[in-house]
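Student: This is work21.cif (mmCIF, C-alpha atoms and all ligand atoms).
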```cif
data_entry
#
loop_
_atom_site.label_atom_id
_atom_site.label_comp_id
_atom_site.auth_asym_id
_atom_site.auth_seq_id
_atom_site.Cartn_x
_atom_site.Cartn_y
_atom_site.Cartn_z
CA MET D 1 24.06 -18.09 3.65
CA SER D 2 24.09 -14.57 2.28
CA VAL D 3 23.73 -13.89 -1.39
CA THR D 4 25.81 -11.18 -3.03
CA GLN D 5 24.98 -8.81 -5.86
CA GLN D 6 27.87 -10.37 -7.80
CA GLN D 7 26.30 -13.84 -7.57
CA VAL D 8 23.07 -12.40 -8.91
CA LEU D 9 24.87 -10.62 -11.74
CA ASP D 10 26.78 -13.82 -12.60
CA SER D 11 23.56 -15.77 -12.94
CA LEU D 12 21.89 -13.01 -14.97
CA SER D 13 24.87 -12.77 -17.31
CA ARG D 14 23.91 -16.22 -18.64
CA ILE D 15 20.49 -14.98 -19.78
CA LYS D 16 20.19 -13.64 -23.29
CA SER D 17 18.09 -10.51 -23.81
CA PRO D 18 15.86 -9.73 -26.81
CA ARG D 19 18.50 -7.15 -27.73
CA GLY D 20 20.87 -10.01 -28.59
CA VAL D 21 23.28 -9.31 -25.73
CA ALA D 22 23.47 -10.72 -22.22
CA LEU D 23 20.83 -9.35 -19.84
CA THR D 24 23.60 -7.75 -17.81
CA ASN D 25 24.83 -5.83 -20.86
CA ALA D 26 21.42 -4.68 -22.11
CA ASN D 27 21.42 -1.57 -19.93
CA VAL D 28 18.01 -2.37 -18.46
CA LEU D 29 18.72 -3.49 -14.90
CA SER D 30 17.96 -1.39 -11.84
CA THR D 31 20.14 -1.51 -8.76
CA ILE D 32 20.09 -5.05 -7.43
CA SER D 33 19.14 -5.35 -3.84
CA ALA D 34 20.39 -8.56 -2.21
CA SER D 35 20.19 -8.93 1.53
CA ASP D 36 19.28 -11.75 3.85
CA GLY D 37 18.56 -14.13 0.98
CA LYS D 38 16.03 -11.71 -0.53
CA VAL D 39 16.76 -10.37 -3.98
CA PHE D 40 14.87 -7.56 -5.71
CA PHE D 41 15.44 -5.62 -8.87
CA SER D 42 13.60 -4.39 -11.91
CA ILE D 43 14.11 -4.66 -15.64
CA ASN D 44 13.27 -1.30 -17.16
CA VAL D 45 12.31 -1.30 -20.82
CA ASP D 46 10.26 0.75 -23.19
CA ALA D 47 6.55 -0.12 -23.14
CA ALA D 48 6.61 -1.09 -26.82
CA GLU D 49 9.11 -3.87 -26.01
CA ALA D 50 7.33 -5.14 -22.89
CA ARG D 51 5.90 -8.30 -24.41
CA ALA D 52 9.27 -9.48 -25.69
CA TRP D 53 10.79 -9.02 -22.25
CA GLU D 54 8.22 -10.85 -20.13
CA SER D 55 9.83 -14.26 -20.68
CA VAL D 56 13.20 -12.74 -19.79
CA ARG D 57 11.73 -11.44 -16.54
CA ALA D 58 10.44 -14.90 -15.68
CA GLU D 59 13.76 -16.50 -16.67
CA ALA D 60 15.68 -13.98 -14.56
CA GLU D 61 13.45 -14.60 -11.57
CA ALA D 62 13.85 -18.37 -11.89
CA ALA D 63 17.63 -18.05 -12.28
CA VAL D 64 17.93 -15.90 -9.18
CA ARG D 65 15.65 -18.19 -7.19
CA ALA D 66 17.95 -21.10 -8.09
CA ILE D 67 20.99 -19.47 -6.47
CA PRO D 68 21.69 -21.32 -3.22
CA GLY D 69 20.65 -19.19 -0.25
CA VAL D 70 17.99 -17.17 -2.08
CA THR D 71 14.68 -17.32 -0.22
CA THR D 72 12.77 -14.64 -2.10
CA ALA D 73 13.28 -13.35 -5.61
CA MET D 74 11.12 -10.57 -7.00
CA VAL D 75 11.85 -9.23 -10.45
CA ALA D 76 9.61 -6.50 -11.87
CA LEU D 77 9.29 -5.63 -15.51
CA THR D 78 8.68 -1.91 -15.60
CA ALA D 79 7.57 -0.62 -18.94
CA GLU D 80 7.54 3.13 -19.29
CA ARG D 81 5.70 4.57 -22.22
CA LYS D 82 7.37 7.33 -24.20
CA PRO D 83 5.22 10.46 -24.53
CA GLY D 84 2.95 10.10 -27.55
CA ALA D 85 3.75 6.41 -28.08
CA ALA D 86 1.00 3.86 -28.67
CA PRO D 87 -0.12 1.80 -25.67
CA PRO D 88 1.88 -1.40 -25.25
CA PRO D 89 0.50 -4.80 -26.22
CA PRO D 90 -0.55 -6.75 -23.13
CA PRO D 91 2.24 -9.05 -21.97
CA THR D 92 1.43 -12.67 -21.14
CA PRO D 93 0.85 -12.80 -17.41
CA SER D 94 3.39 -15.12 -15.84
CA ARG D 95 2.61 -17.86 -13.36
CA GLY D 96 4.46 -19.21 -10.43
CA THR D 97 5.76 -18.11 -7.09
CA PRO D 98 5.17 -14.62 -5.84
CA GLY D 99 7.35 -12.26 -7.75
CA VAL D 100 6.52 -8.78 -8.86
CA GLN D 101 4.66 -9.01 -12.11
CA PRO D 102 4.71 -6.57 -14.98
CA VAL D 103 2.99 -3.29 -14.44
CA HIS D 104 0.53 -3.96 -17.23
CA ALA D 105 -0.25 -7.55 -16.29
CA HIS D 106 -3.66 -6.74 -14.81
CA LYS D 107 -6.15 -5.59 -17.41
CA PRO D 108 -4.03 -3.19 -19.42
CA PRO D 109 -5.89 -0.22 -20.88
CA GLN D 110 -6.72 -0.46 -24.54
CA GLY D 111 -6.17 2.54 -26.77
CA GLY D 112 -8.51 5.35 -25.79
CA ALA D 113 -10.08 3.40 -22.88
CA SER D 114 -10.46 5.09 -19.52
CA PRO D 115 -7.64 4.33 -17.11
CA MET D 116 -10.38 2.91 -14.85
CA ALA D 117 -10.79 0.06 -17.36
CA ARG D 118 -7.74 -1.52 -15.74
CA GLN D 119 -9.64 -2.18 -12.58
CA SER D 120 -11.11 -5.43 -11.48
CA GLU D 121 -12.62 -6.53 -8.19
CA ILE D 122 -10.72 -8.72 -5.76
CA PRO D 123 -12.72 -11.94 -5.42
CA GLY D 124 -14.33 -12.24 -1.99
CA VAL D 125 -13.63 -8.64 -0.98
CA ALA D 126 -16.71 -6.41 -0.88
CA ALA D 127 -15.06 -3.03 -0.47
CA VAL D 128 -11.48 -1.84 -0.83
CA ILE D 129 -10.92 1.55 0.76
CA ALA D 130 -7.80 3.69 0.85
CA VAL D 131 -6.41 5.60 3.78
CA ALA D 132 -4.31 8.39 2.32
CA SER D 133 -2.47 11.50 3.33
CA GLY D 134 -0.79 14.28 1.43
CA LYS D 135 2.48 13.73 3.23
CA GLY D 136 4.18 11.33 5.60
CA GLY D 137 4.22 11.54 9.38
CA VAL D 138 0.61 12.68 9.87
CA GLY D 139 -0.43 9.38 11.48
CA LYS D 140 -1.90 7.76 8.38
CA SER D 141 -0.78 4.23 9.24
CA THR D 142 -1.78 4.52 12.90
CA THR D 143 -5.21 5.70 11.80
CA ALA D 144 -5.52 3.01 9.13
CA LEU D 145 -4.88 0.23 11.65
CA ASN D 146 -7.17 1.67 14.32
CA LEU D 147 -9.86 2.31 11.72
CA ALA D 148 -9.57 -1.32 10.61
CA LEU D 149 -9.98 -2.37 14.24
CA GLY D 150 -12.95 -0.03 14.66
CA LEU D 151 -14.60 -1.68 11.63
CA ARG D 152 -13.85 -5.08 13.17
CA ASP D 153 -15.55 -3.98 16.38
CA LEU D 154 -18.65 -3.20 14.31
CA GLY D 155 -18.79 -6.86 13.35
CA LEU D 156 -17.22 -6.61 9.91
CA ARG D 157 -14.62 -8.95 8.44
CA VAL D 158 -11.65 -6.73 7.83
CA GLY D 159 -8.25 -6.89 6.14
CA LEU D 160 -5.39 -4.41 6.21
CA LEU D 161 -2.98 -3.98 3.32
CA ASP D 162 0.06 -1.87 4.02
CA ALA D 163 0.81 -0.55 0.55
CA ASP D 164 3.14 2.15 1.85
CA ILE D 165 6.05 0.75 -0.03
CA TYR D 166 8.27 3.73 0.70
CA GLY D 167 8.06 3.06 4.41
CA PRO D 168 5.89 0.13 5.45
CA SER D 169 5.00 0.62 9.11
CA VAL D 170 2.55 -2.23 9.68
CA PRO D 171 5.33 -4.59 10.90
CA ARG D 172 6.12 -2.01 13.60
CA LEU D 173 2.49 -1.24 14.41
CA THR D 174 1.47 -4.89 14.69
CA GLY D 175 4.69 -6.55 15.80
CA LEU D 176 4.26 -9.00 12.90
CA ARG D 177 7.38 -9.86 10.97
CA GLU D 178 6.96 -13.37 9.58
CA LYS D 179 7.05 -14.09 5.89
CA PRO D 180 3.58 -15.10 4.66
CA ALA D 181 3.20 -18.76 3.66
CA LEU D 182 1.90 -19.82 0.24
CA ASN D 183 -1.25 -21.84 -0.29
CA ASP D 184 -1.64 -24.60 -2.89
CA ALA D 185 -2.54 -22.05 -5.53
CA ARG D 186 0.72 -20.29 -4.63
CA LYS D 187 -1.08 -17.27 -3.24
CA MET D 188 0.31 -15.59 -0.15
CA ILE D 189 -1.71 -16.20 3.00
CA PRO D 190 -2.08 -12.95 4.95
CA LEU D 191 -0.88 -12.93 8.53
CA ARG D 192 -3.57 -12.70 11.21
CA ARG D 193 -3.60 -10.52 14.27
CA TYR D 194 -6.39 -8.86 16.25
CA GLY D 195 -8.86 -10.72 14.04
CA LEU D 196 -7.57 -8.89 10.93
CA ALA D 197 -6.05 -10.38 7.77
CA ILE D 198 -2.84 -8.38 7.38
CA MET D 199 -0.40 -8.04 4.51
CA SER D 200 2.53 -5.67 4.19
CA ILE D 201 5.33 -5.31 1.73
CA GLY D 202 7.37 -5.04 4.93
CA PHE D 203 6.79 -8.79 5.49
CA LEU D 204 8.57 -9.45 2.21
CA VAL D 205 11.37 -6.91 2.09
CA GLU D 206 13.61 -5.07 4.49
CA GLU D 207 12.39 -1.56 5.25
CA GLU D 208 15.57 -0.08 3.75
CA THR D 209 15.05 -2.10 0.56
CA ALA D 210 11.55 -0.78 0.14
CA MET D 211 12.82 2.78 0.23
CA ILE D 212 14.74 2.43 -3.03
CA TRP D 213 11.85 1.12 -5.14
CA ARG D 214 10.88 3.15 -8.16
CA GLY D 215 7.36 4.17 -9.08
CA PRO D 216 6.47 1.49 -11.65
CA MET D 217 7.92 -1.24 -9.44
CA VAL D 218 5.85 0.03 -6.56
CA MET D 219 2.75 -0.26 -8.68
CA SER D 220 3.36 -3.81 -9.73
CA ALA D 221 4.20 -4.86 -6.18
CA VAL D 222 1.04 -3.31 -4.78
CA THR D 223 -1.14 -4.79 -7.48
CA GLN D 224 0.34 -8.16 -6.71
CA MET D 225 -0.17 -7.78 -2.98
CA LEU D 226 -3.82 -7.20 -3.71
CA ARG D 227 -4.32 -10.01 -6.15
CA ASP D 228 -1.78 -12.70 -5.32
CA VAL D 229 -2.95 -12.85 -1.72
CA GLU D 230 -5.60 -15.22 -0.44
CA TRP D 231 -7.68 -12.53 1.28
CA GLY D 232 -10.64 -14.82 1.82
CA GLU D 233 -14.09 -13.31 2.43
CA LEU D 234 -13.81 -9.71 3.62
CA ASP D 235 -16.33 -6.93 4.05
CA VAL D 236 -13.66 -4.26 3.95
CA LEU D 237 -10.00 -4.22 2.94
CA VAL D 238 -8.30 -1.10 4.29
CA VAL D 239 -5.32 -0.04 2.18
CA ASP D 240 -2.70 2.09 3.87
CA MET D 241 -1.56 4.04 0.81
CA PRO D 242 1.85 5.58 0.25
CA PRO D 243 1.78 9.28 1.22
CA GLY D 244 1.58 11.98 -1.41
CA THR D 245 -0.16 12.43 -4.70
CA GLY D 246 2.49 11.59 -7.26
CA ASP D 247 2.09 9.42 -10.32
CA ALA D 248 2.54 6.33 -8.18
CA GLN D 249 -0.53 7.07 -6.08
CA LEU D 250 -2.59 8.07 -9.09
CA THR D 251 -1.75 4.87 -10.91
CA LEU D 252 -2.51 2.84 -7.81
CA ALA D 253 -5.92 4.45 -7.49
CA GLN D 254 -6.57 3.66 -11.13
CA ASN D 255 -5.55 0.03 -10.76
CA VAL D 256 -7.31 -0.81 -7.54
CA PRO D 257 -11.10 -0.84 -7.40
CA LEU D 258 -11.43 1.56 -4.50
CA LYS D 259 -14.89 2.06 -3.01
CA GLY D 260 -13.74 5.11 -1.13
CA ALA D 261 -10.88 7.06 0.37
CA VAL D 262 -10.33 8.45 3.84
CA ILE D 263 -7.91 11.37 3.99
CA ILE D 264 -5.84 11.96 7.08
CA SER D 265 -4.61 15.43 7.81
CA THR D 266 -3.12 17.28 10.74
CA PRO D 267 -4.52 20.74 11.46
CA GLN D 268 -1.52 22.60 10.09
CA ASP D 269 -2.11 24.49 6.89
CA LEU D 270 0.68 22.85 4.96
CA SER D 271 -0.74 19.43 5.46
CA LEU D 272 -4.22 20.68 4.58
CA ILE D 273 -2.90 21.89 1.27
CA ASP D 274 -1.45 18.42 0.77
CA ALA D 275 -4.75 16.87 1.80
CA ARG D 276 -6.53 19.01 -0.80
CA ARG D 277 -4.24 17.59 -3.45
CA GLY D 278 -5.11 14.10 -2.27
CA LEU D 279 -8.76 14.94 -2.53
CA ALA D 280 -8.36 16.28 -6.06
CA MET D 281 -6.50 13.14 -7.04
CA PHE D 282 -9.25 10.78 -5.83
CA ARG D 283 -11.91 12.88 -7.50
CA LYS D 284 -9.96 12.74 -10.74
CA VAL D 285 -10.13 8.95 -10.69
CA ASN D 286 -13.76 8.88 -9.51
CA VAL D 287 -13.02 7.44 -6.08
CA PRO D 288 -15.60 8.71 -3.58
CA VAL D 289 -13.97 10.58 -0.73
CA LEU D 290 -15.54 9.13 2.42
CA GLY D 291 -14.20 12.02 4.44
CA ILE D 292 -11.34 13.77 6.18
CA VAL D 293 -9.99 12.84 9.62
CA GLU D 294 -8.08 15.42 11.62
CA ASN D 295 -5.29 13.59 13.43
CA MET D 296 -3.22 15.16 16.20
CA SER D 297 -6.14 17.56 16.29
CA TYR D 298 -5.50 18.90 19.79
CA PHE D 299 -3.11 18.04 22.55
CA GLN D 300 -4.60 16.10 25.40
CA CYS D 301 -2.56 16.12 28.59
CA PRO D 302 -2.01 12.50 29.63
CA HIS D 303 -2.13 13.51 33.31
CA CYS D 304 -5.05 15.91 33.68
CA GLY D 305 -6.88 15.32 30.39
CA THR D 306 -6.89 19.09 29.61
CA LYS D 307 -7.21 19.86 25.90
CA SER D 308 -4.92 22.44 24.26
CA ASP D 309 -5.38 23.58 20.68
CA ILE D 310 -1.69 23.99 20.06
CA PHE D 311 -1.99 23.36 16.32
CA GLY D 312 -4.93 25.56 15.47
CA HIS D 313 -7.41 22.72 15.88
CA GLY D 314 -10.43 22.57 13.59
CA GLY D 315 -8.69 23.34 10.30
CA ALA D 316 -9.65 20.03 8.74
CA ARG D 317 -13.31 20.32 9.76
CA HIS D 318 -13.46 23.75 8.20
CA GLU D 319 -11.67 22.53 5.10
CA ALA D 320 -13.99 19.54 4.77
CA GLU D 321 -17.01 21.84 4.92
CA LYS D 322 -15.52 24.10 2.27
CA LEU D 323 -14.75 21.16 0.01
CA GLY D 324 -18.10 19.52 0.56
CA VAL D 325 -16.79 16.23 1.93
CA PRO D 326 -17.77 14.61 5.22
CA PHE D 327 -15.71 15.39 8.28
CA LEU D 328 -15.19 12.08 10.04
CA GLY D 329 -13.68 13.12 13.33
CA GLU D 330 -10.86 14.52 15.41
CA ILE D 331 -8.20 12.35 17.00
CA PRO D 332 -6.16 13.99 19.76
CA LEU D 333 -2.40 13.94 19.96
CA HIS D 334 -2.04 11.65 22.91
CA MET D 335 0.80 9.68 24.43
CA ALA D 336 -1.41 6.60 24.74
CA ILE D 337 -1.98 6.51 20.98
CA ARG D 338 1.68 6.90 20.23
CA ALA D 339 2.96 4.48 22.86
CA SER D 340 0.44 1.73 22.14
CA SER D 341 0.85 2.09 18.42
CA ASP D 342 4.62 1.98 18.46
CA ALA D 343 4.58 -1.05 20.78
CA GLY D 344 2.41 -3.12 18.44
CA ASN D 345 -0.72 -2.75 20.62
CA PRO D 346 -3.03 -0.38 18.76
CA VAL D 347 -5.22 1.54 21.14
CA VAL D 348 -8.56 0.22 19.83
CA ASP D 349 -7.38 -3.28 20.67
CA SER D 350 -5.39 -2.60 23.84
CA GLU D 351 -7.82 -0.12 25.47
CA PRO D 352 -11.17 -0.99 23.90
CA GLY D 353 -13.13 0.75 26.63
CA GLY D 354 -11.06 3.96 26.51
CA PRO D 355 -11.90 7.32 24.94
CA HIS D 356 -9.55 6.91 21.96
CA ALA D 357 -11.02 3.59 20.92
CA ALA D 358 -14.44 5.27 21.03
CA ILE D 359 -13.24 8.00 18.66
CA TYR D 360 -11.85 5.49 16.16
CA ARG D 361 -15.02 3.40 16.37
CA ALA D 362 -17.15 6.48 15.70
CA ILE D 363 -15.07 7.19 12.59
CA ALA D 364 -15.36 3.54 11.58
CA GLY D 365 -19.14 3.78 12.03
CA GLN D 366 -19.36 6.65 9.55
CA VAL D 367 -17.19 4.77 7.07
CA ARG D 368 -19.32 1.65 7.47
CA ASP D 369 -22.50 3.65 6.94
CA GLN D 370 -21.17 5.02 3.66
CA LEU D 371 -20.17 1.55 2.49
CA LYS D 372 -23.38 -0.13 3.60
CA GLY D 373 -24.78 -0.56 0.12
CA VAL D 374 -21.59 -2.17 -1.17
CA ILE D 375 -21.16 -4.46 1.81
CA ALA D 376 -24.81 -5.49 1.83
CA ALA D 377 -24.72 -6.21 -1.90
CA ALA D 378 -21.82 -8.59 -1.33
P1 LIG N 401 2.34 8.08 8.71
O1 LIG N 401 1.77 6.75 8.33
O2 LIG N 401 1.47 9.23 8.29
O3 LIG N 401 3.76 8.28 8.30
P2 LIG N 401 2.38 7.05 11.44
O4 LIG N 401 1.04 6.44 11.60
O5 LIG N 401 3.54 6.14 11.22
O6 LIG N 401 2.34 8.17 10.30
O7 LIG N 401 2.60 8.00 12.70
C1 LIG N 401 3.80 8.75 12.88
C2 LIG N 401 4.10 8.81 14.38
O8 LIG N 401 3.08 9.57 15.01
C3 LIG N 401 4.10 7.45 15.05
O9 LIG N 401 5.13 7.43 16.02
C4 LIG N 401 2.73 7.36 15.71
O10 LIG N 401 2.75 6.56 16.88
C5 LIG N 401 2.47 8.80 16.06
N1 LIG N 401 1.04 9.16 16.07
C6 LIG N 401 0.12 8.99 15.08
N2 LIG N 401 -1.09 9.46 15.46
C7 LIG N 401 -0.93 9.92 16.73
C8 LIG N 401 -1.81 10.53 17.69
N3 LIG N 401 -3.08 10.79 17.41
N4 LIG N 401 -1.29 10.86 18.91
C9 LIG N 401 0.02 10.62 19.19
N5 LIG N 401 0.90 10.07 18.35
C10 LIG N 401 0.44 9.72 17.12
#
```
Would you put the structure from the file into structure tokens?

Tutor:
Amino acid sequence: MSVTQQQVLDSLSRIKSPRGVALTNANVLSTISASDGKVFFSINVDAAEARAWESVRAEAEAAVRAIPGVTTAMVALTAERKPGAAPPPPPTPSRGTPGVQPVHAHKPPQGGASPMARQSEIPGVAAVIAVASGKGGVGKSTTALNLALGLRDLGLRVGLLDADIYGPSVPRLTGLREKPALNDARKMIPLRRYGLAIMSIGFLVEEETAMIWRGPMVMSAVTQMLRDVEWGELDVLVVDMPPGTGDAQLTLAQNVPLKGAVIISTPQDLSLIDARRGLAMFRKVNVPVLGIVENMSYFQCPHCGTKSDIFGHGGARHEAEKLGVPFLGEIPLHMAIRASSDAGNPVVDSEPGGPHAAIYRAIAGQVRDQLKGVIAAA
């Protein structure tokens, strides 16, 4: 049974807002996305009002969940602070089924505190690392998955979180599409494939739906995917970050206790400039940059194996040296990587004895070496 926007609006019209009018007349609702029984929207209020609205968020989520045919309801409370305004009081964290929680629900910063004060470790997870890129289409997700598999091959317990809310690609790269089940504590149980614990916003929403999410909503969804998931005991959780270096990425880096970041770049100058921005962003939030990977570094002919430097290969290595960060390796542009990746058979898993798997494992080895202290301590 499909659920319409109108049905959602009808149920929300019965909820009273703190402004004394119906929720639907309070001018706070984002576009409502309703497809396939999954309903998503945000309530956008000023940060100073956030506490008063938390119960309304919970009420709205419960009301939507009660509509026949609704399988998933996620309502985010996004509280944007006006320039110069005092920080908002912490809202009461809500309980219950997975739904996007308020942006400030996890350790909100107190006045004057560093933004890093929001961070807290994920129980059972020794190291959370980010795989980032300055822009989309450079092979960030492909590299994140193969890096996770390389770490697995080194004997580590590894998870993969696809936090690329603007375009989650892990469902495509892994062939996984099921909705995660909930455990008794109502935490989502990550899906398992290739020996990895895998979670993606793409398991919860349609890809088109994810595209329309706004920054603050992205943040709360990602935070929740980290914390409302039963990750179990992991040595490394690899987070496939959204591309770019906007506010969304900065806030994410401030909220998530990252032990390091791997930056993916192609050799072209433009993407190197973007990669430099990524680097600056991680440094700003004190996340150690584990290194730069040059993806699509050179073209390798699938027939004769000849290498051609059609993109001015080596730019990232040079850039890494200049910036004083480790250079982790070069991955060729190769049909086998593309074809295996797009068919849900990442090359490290499908051709473990091949040359590409060896490259990813070598990169994973350098990452593991840099995380050794953290992993050993756990
Ligand atoms: P991003 O996450 O940066 O948007 P993806 O990982 O989705 O990028 O990769 C974009 C496309 O490029 C995909 O079709 C993927 O299979 C392909 N791709 C990524 N890395 C390589 C590579 N080294 N060789 C060939 N194709 C690649």

Student: Go through D:Asn286, D:Ser55, D:Ser133, D:Gln249 one by one, measure the shortest atom-to-atom distance of each to ligand LIG 401 (chain N) using only C-alpha atoms and all ligand atoms, and give the residue with the smallest value.

Tutor: D:Ser133

Student: Using only C-alpha atoms and all ligand atoms, find each residue in chain D having at least one atom no more than 8 Å away from ligand LIG 401 (chain N); report its shortest atom-to-atom pair and that distance in Å (one decimal), rows by chain then rising number, as a tab-separated table.

Tutor:
```
residue	atom	partner	partner_atom	distance
D:Ser133	CA	N:LIG401	O2	6.7
D:Lys135	CA	N:LIG401	O2	6.8
D:Gly136	CA	N:LIG401	O3	4.1
D:Gly137	CA	N:LIG401	O3	3.5
D:Val138	CA	N:LIG401	O2	3.9
D:Gly139	CA	N:LIG401	O6	3.2
D:Lys140	CA	N:LIG401	O2	3.7
D:Ser141	CA	N:LIG401	O1	3.7
D:Thr142	CA	N:LIG401	O4	3.7
D:Thr143	CA	N:LIG401	O4	6.3
D:Ala144	CA	N:LIG401	O4	7.8
D:Gly167	CA	N:LIG401	O3	7.8
D:Ser169	CA	N:LIG401	O5	6.1
D:Asp240	CA	N:LIG401	O1	7.8
D:Pro243	CA	N:LIG401	O2	7.1
D:Ile264	CA	N:LIG401	O2	7.9
D:Asn295	CA	N:LIG401	N3	5.3
D:Met296	CA	N:LIG401	N3	4.5
D:Ser297	CA	N:LIG401	N3	7.5
D:Ile331	CA	N:LIG401	N3	5.4
D:Pro332	CA	N:LIG401	N3	5.0
D:Leu333	CA	N:LIG401	N4	3.4
D:His334	CA	N:LIG401	N4	4.1
D:Met335	CA	N:LIG401	C9	5.4
D:Ala336	CA	N:LIG401	C9	7.0
D:Ile337	CA	N:LIG401	N4	4.9
D:Arg338	CA	N:LIG401	O10	3.5
D:Ala339	CA	N:LIG401	O10	6.3
D:Ser340	CA	N:LIG401	O10	7.5
D:Ser341	CA	N:LIG401	O10	5.1
D:Asp342	CA	N:LIG401	O10	5.2
```

Student: Counting only C-alpha atoms, which residue out of D:Ser17, D:Ser11, D:Gln6, D:Asn183 sits closest to Ala52 (chain D)?

Tutor: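 Looking at the shortest contact to Ala52 (chain D), the residue is D:Ser17.
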
Student: Please measure the separation of CA of Ile15 (chain D) and CA of Asn27 (chain D), giving the value in Å to one decimal.

Tutor: 13.4 Å

Student: Quick one: residues within 7 Å of Val8 (chain D), only C-alpha atoms counted, chain neighbours fewer than 4 positions away excluded, as a PDB file with C-alpha atoms, in the frame of the given file?

Tutor:
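In the end it all went to part.pdb:
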```pdb
ATOM      1  CA  THR D   4      25.810 -11.180  -3.030  1.00  0.00           C
ATOM      2  CA  LEU D  12      21.890 -13.010 -14.970  1.00  0.00           C
ATOM      3  CA  VAL D  64      17.930 -15.900  -9.180  1.00  0.00           C
TER       4      VAL D  64
END
```

Student: Just checking: using all atoms listed in the file, which residue out of D:Ser120, D:Gln370, D:Ser35, D:Ser220 ends up closest to Ile165 (chain D)?

Tutor: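 Closest residue, counting all atoms listed in the file: D:Ser220.
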
Student: Need to verify the contact set: Arg368 (chain D), 12 Å, all atoms listed in the file, exclusion of same-chain residues closer than 2 positions in sequence. Can you return it as an MDAnalysis selection string?

Tutor: chainID D and resid 126:129 147:148 150:158 235:238 259:260 262 290:291 328 361:366 370:376
